Amino acid sequence: MDRGLSGWINGFIGVLIFSGSLPATRLAVIGFDPLFLTVARGTIAGLLSLLLLLAFRQKRPQSSEIVSLVIVALGCVVGFPLLTALALQHISSAHSVVFIGLLPLATAIFGVIRGGERPKPAFWIFAILGSLLVTGFALAQGGTVASIGLSFGDWLMLAAIIVCGLGYAEGAALSKRLGGWQVICWALVISLPVMLVGALALMPETFAGVGGPAYAGLAYVSLFSMLIGFIFWYRGLSQGGTATVGQLQLIQPFFGLALAALLLGETVTSSMFIVTLGVILCVAAAKRFAR
């Protein structure tokens with residue numbers, strides 16, 4: 001199979017898996033504290049990753065690769081899960097999903113900084129236009145912080161997008177040497193000691209009040225969002241290019257809004273749908289200028 005086509009297929013599967021992350025997180029924070037949820041999902045995924053690495057007898061990363069793995073861990077294992085879990089205590093998953101429209105731009109920027117990619121100028125025009133649509137949507141919502149109209153949950157989502165974009169780009173560059181699934185597994189293993197200690201320290205005294213939906217959300221974000229999705233995603237970015245395949249993330253808000261409505265019964269307003277569609281069209285246009 002052509003390497004570019006393989007990259008798109010793997011990237012698409014990864015995006016489909018990630019589309020359920022925010023709705024699943026929304027379910028999980030109903031029964032779990034955001035801090036405990038973050039360290040619990042990292043612990044579960046880290047233990048599974050350790051078993052995979054041992055089972056397939058993978059060589060340890062070189063010392064020069066440790067810094068990159070730490071960046072991936074801080075961005076994708078700790079930063080994004082924690083910030084989104086905190087954000088979803090203040091905003092709905094349908095609202096938060098729209099911010100995912102900023103991920104292609106963030107990933108492309110860090111792809112230039114960390115991966116040396118050089119998209120054409122027209123790419124940035126369409127990518128920035130899509131980002132402006134997302135920002136305009138957030139500013140039009142209720143709640144203010146300082147004088148620019150962003151709610152506290154919005155700020156948390158913006159921070160999550162930045163650290164996630166860095167983790168995506170760093171992992172994509174590193175996966176060319178280590179392999180896609182090895183990158184996320186080693187990043188999870190590196191963070192495992194901290195996650196395990198945190199999970200034990202923050203574990204609630206009783207789980208009696210935790211319902212089935214919260215457990216389902218925890219299971220999904222631990223297995224799919226933290227591990228399986230990244231296996232496909234990093235492979236896709238490595239094969240097809242960070243800036244190019246990264247544009248597939250614009251499908252994520254569309255599926256995320258649908259899941260929020262179907263699984264959580266949240267209201268998907270016409271403005272959410274219009275903004276999501278607008279961002280998808282902008283970054284789809286930017287795709288052809290990614291290289």
# chains A, B, ... in the order shown; residues from 1 in each chain; ligands from 1
call {"tool": "closest_atom_pairs", "arguments": {"of": "range 136-226 of chain A", "to": "range 238-241 of chain A", "cutoff": "7 Å", "atoms": "only C-alpha atoms", "output": "tab-separated table"}}
result
residue	atom	partner	partner_atom	distance
A:Ala172	CA	A:Ser238	CA	5.2
A:Ala173	CA	A:Ser238	CA	6.7
A:Ser175	CA	A:Ser238	CA	6.2
A:Lys176	CA	A:Ser238	CA	5.8
call {"tool": "residues_around", "arguments": {"residues": "Ala127 in chain A", "least_positions_apart": "3", "cutoff": "12 Å", "atoms": "only C-alpha atoms", "output": "PyMOL selection string"}}
result
chain A and resi 101-109+119-124+130-134+243-244+246-247+250+278-290
call {"tool": "residues_around", "arguments": {"residues": "range 204-220 of chain A", "least_positions_apart": "5", "cutoff": "7 Å", "atoms": "only C-alpha atoms", "output": "number ranges by chain"}}
result
A: 24-25, 27-31, 41, 225
call {"tool": "closest_residue", "arguments": {"among": "A:Ala201, A:Val112, A:Ile231, A:Val97", "to": "Gln249 in chain A", "atoms": "only C-alpha atoms"}}
result
A:Val97
call {"tool": "atom_distance", "arguments": {"atom1": "CA of Arg235 in chain A", "atom2": "CA of Gly180 in chain A"}}
result
4.6 Å
call {"tool": "closest_residue", "arguments": {"among": "A:Leu248, A:Leu53, A:Leu263, A:Leu277", "to": "Leu16 in chain A", "atoms": "only C-alpha atoms"}}
result
A:Leu248
call {"tool": "residues_around", "arguments": {"residues": "Phe56 in chain A", "least_positions_apart": "6", "cutoff": "12 Å", "atoms": "only C-alpha atoms", "output": "list of chain:residue names"}}
result
A:Ser49, A:Leu50, A:Trp181, A:Gln182, A:Cys185
call {"tool": "select_by_dssp", "arguments": {"residues": "range 145-225 of chain A", "states": "helix (DSSP H, G or I)", "output": "PyMOL selection string"}}
result
chain A and resi 152-178+180-202+212-225
call {"tool": "closest_residue", "arguments": {"among": "A:Ser19, A:Ser93, A:Ser68, A:Thr267", "to": "Ile251 in chain A", "atoms": "only C-alpha atoms"}}
result
A:Ser19
call {"tool": "closest_residue", "arguments": {"among": "A:Leu88, A:Met226, A:Ile100, A:Leu262", "to": "Val72 in chain A", "atoms": "only C-alpha atoms"}}
result
A:Met226
call {"tool": "closest_residue", "arguments": {"among": "A:Gly179, A:Leu227, A:Phe137, A:Arg114", "to": "Phe273 in chain A", "atoms": "only C-alpha atoms"}}
result
A:Phe137
call {"tool": "closest_atom_pairs", "arguments": {"of": "range 212-243 of chain A", "to": "range 157-169 of chain A", "cutoff": "9 Å", "atoms": "only C-alpha atoms", "output": "JSON lines"}}
result
{"residue": "A:Trp233", "atom": "CA", "partner": "A:Tyr168", "partner_atom": "CA", "distance": 8.6}
{"residue": "A:Tyr234", "atom": "CA", "partner": "A:Tyr168", "partner_atom": "CA", "distance": 7.5}
{"residue": "A:Leu237", "atom": "CA", "partner": "A:Ala169", "partner_atom": "CA", "distance": 8.3}
{"residue": "A:Thr242", "atom": "CA", "partner": "A:Ala169", "partner_atom": "CA", "distance": 6.5}
{"residue": "A:Ala243", "atom": "CA", "partner": "A:Ala169", "partner_atom": "CA", "distance": 8.8}
call {"tool": "write_last_selection", "arguments": {"atoms": "N, CA and C atoms", "output": "mmCIF file, in the first residue's frame"}}
result
data_model
loop_
_atom_site.group_PDB
_atom_site.id
_atom_site.type_symbol
_atom_site.label_atom_id
_atom_site.label_comp_id
_atom_site.auth_asym_id
_atom_site.auth_seq_id
_atom_site.Cartn_x
_atom_site.Cartn_y
_atom_site.Cartn_z
ATOM 1 N N TRP A 233 -2.671 6.852 15.307
ATOM 2 C CA TRP A 233 -2.448 8.271 15.018
ATOM 3 C C TRP A 233 -0.980 8.577 14.732
ATOM 4 N N TYR A 234 -0.088 8.112 15.587
ATOM 5 C CA TYR A 234 1.331 8.378 15.374
ATOM 6 C C TYR A 234 1.849 7.686 14.116
ATOM 7 N N LEU A 237 0.671 9.960 11.235
ATOM 8 C CA LEU A 237 1.445 11.195 11.135
ATOM 9 C C LEU A 237 2.837 10.933 10.589
ATOM 10 N N THR A 242 3.049 15.301 9.377
ATOM 11 C CA THR A 242 2.301 15.866 10.503
ATOM 12 C C THR A 242 1.279 16.898 10.057
ATOM 13 N N ALA A 243 1.700 17.853 9.224
ATOM 14 C CA ALA A 243 0.784 18.914 8.797
ATOM 15 C C ALA A 243 -0.329 18.364 7.917
#
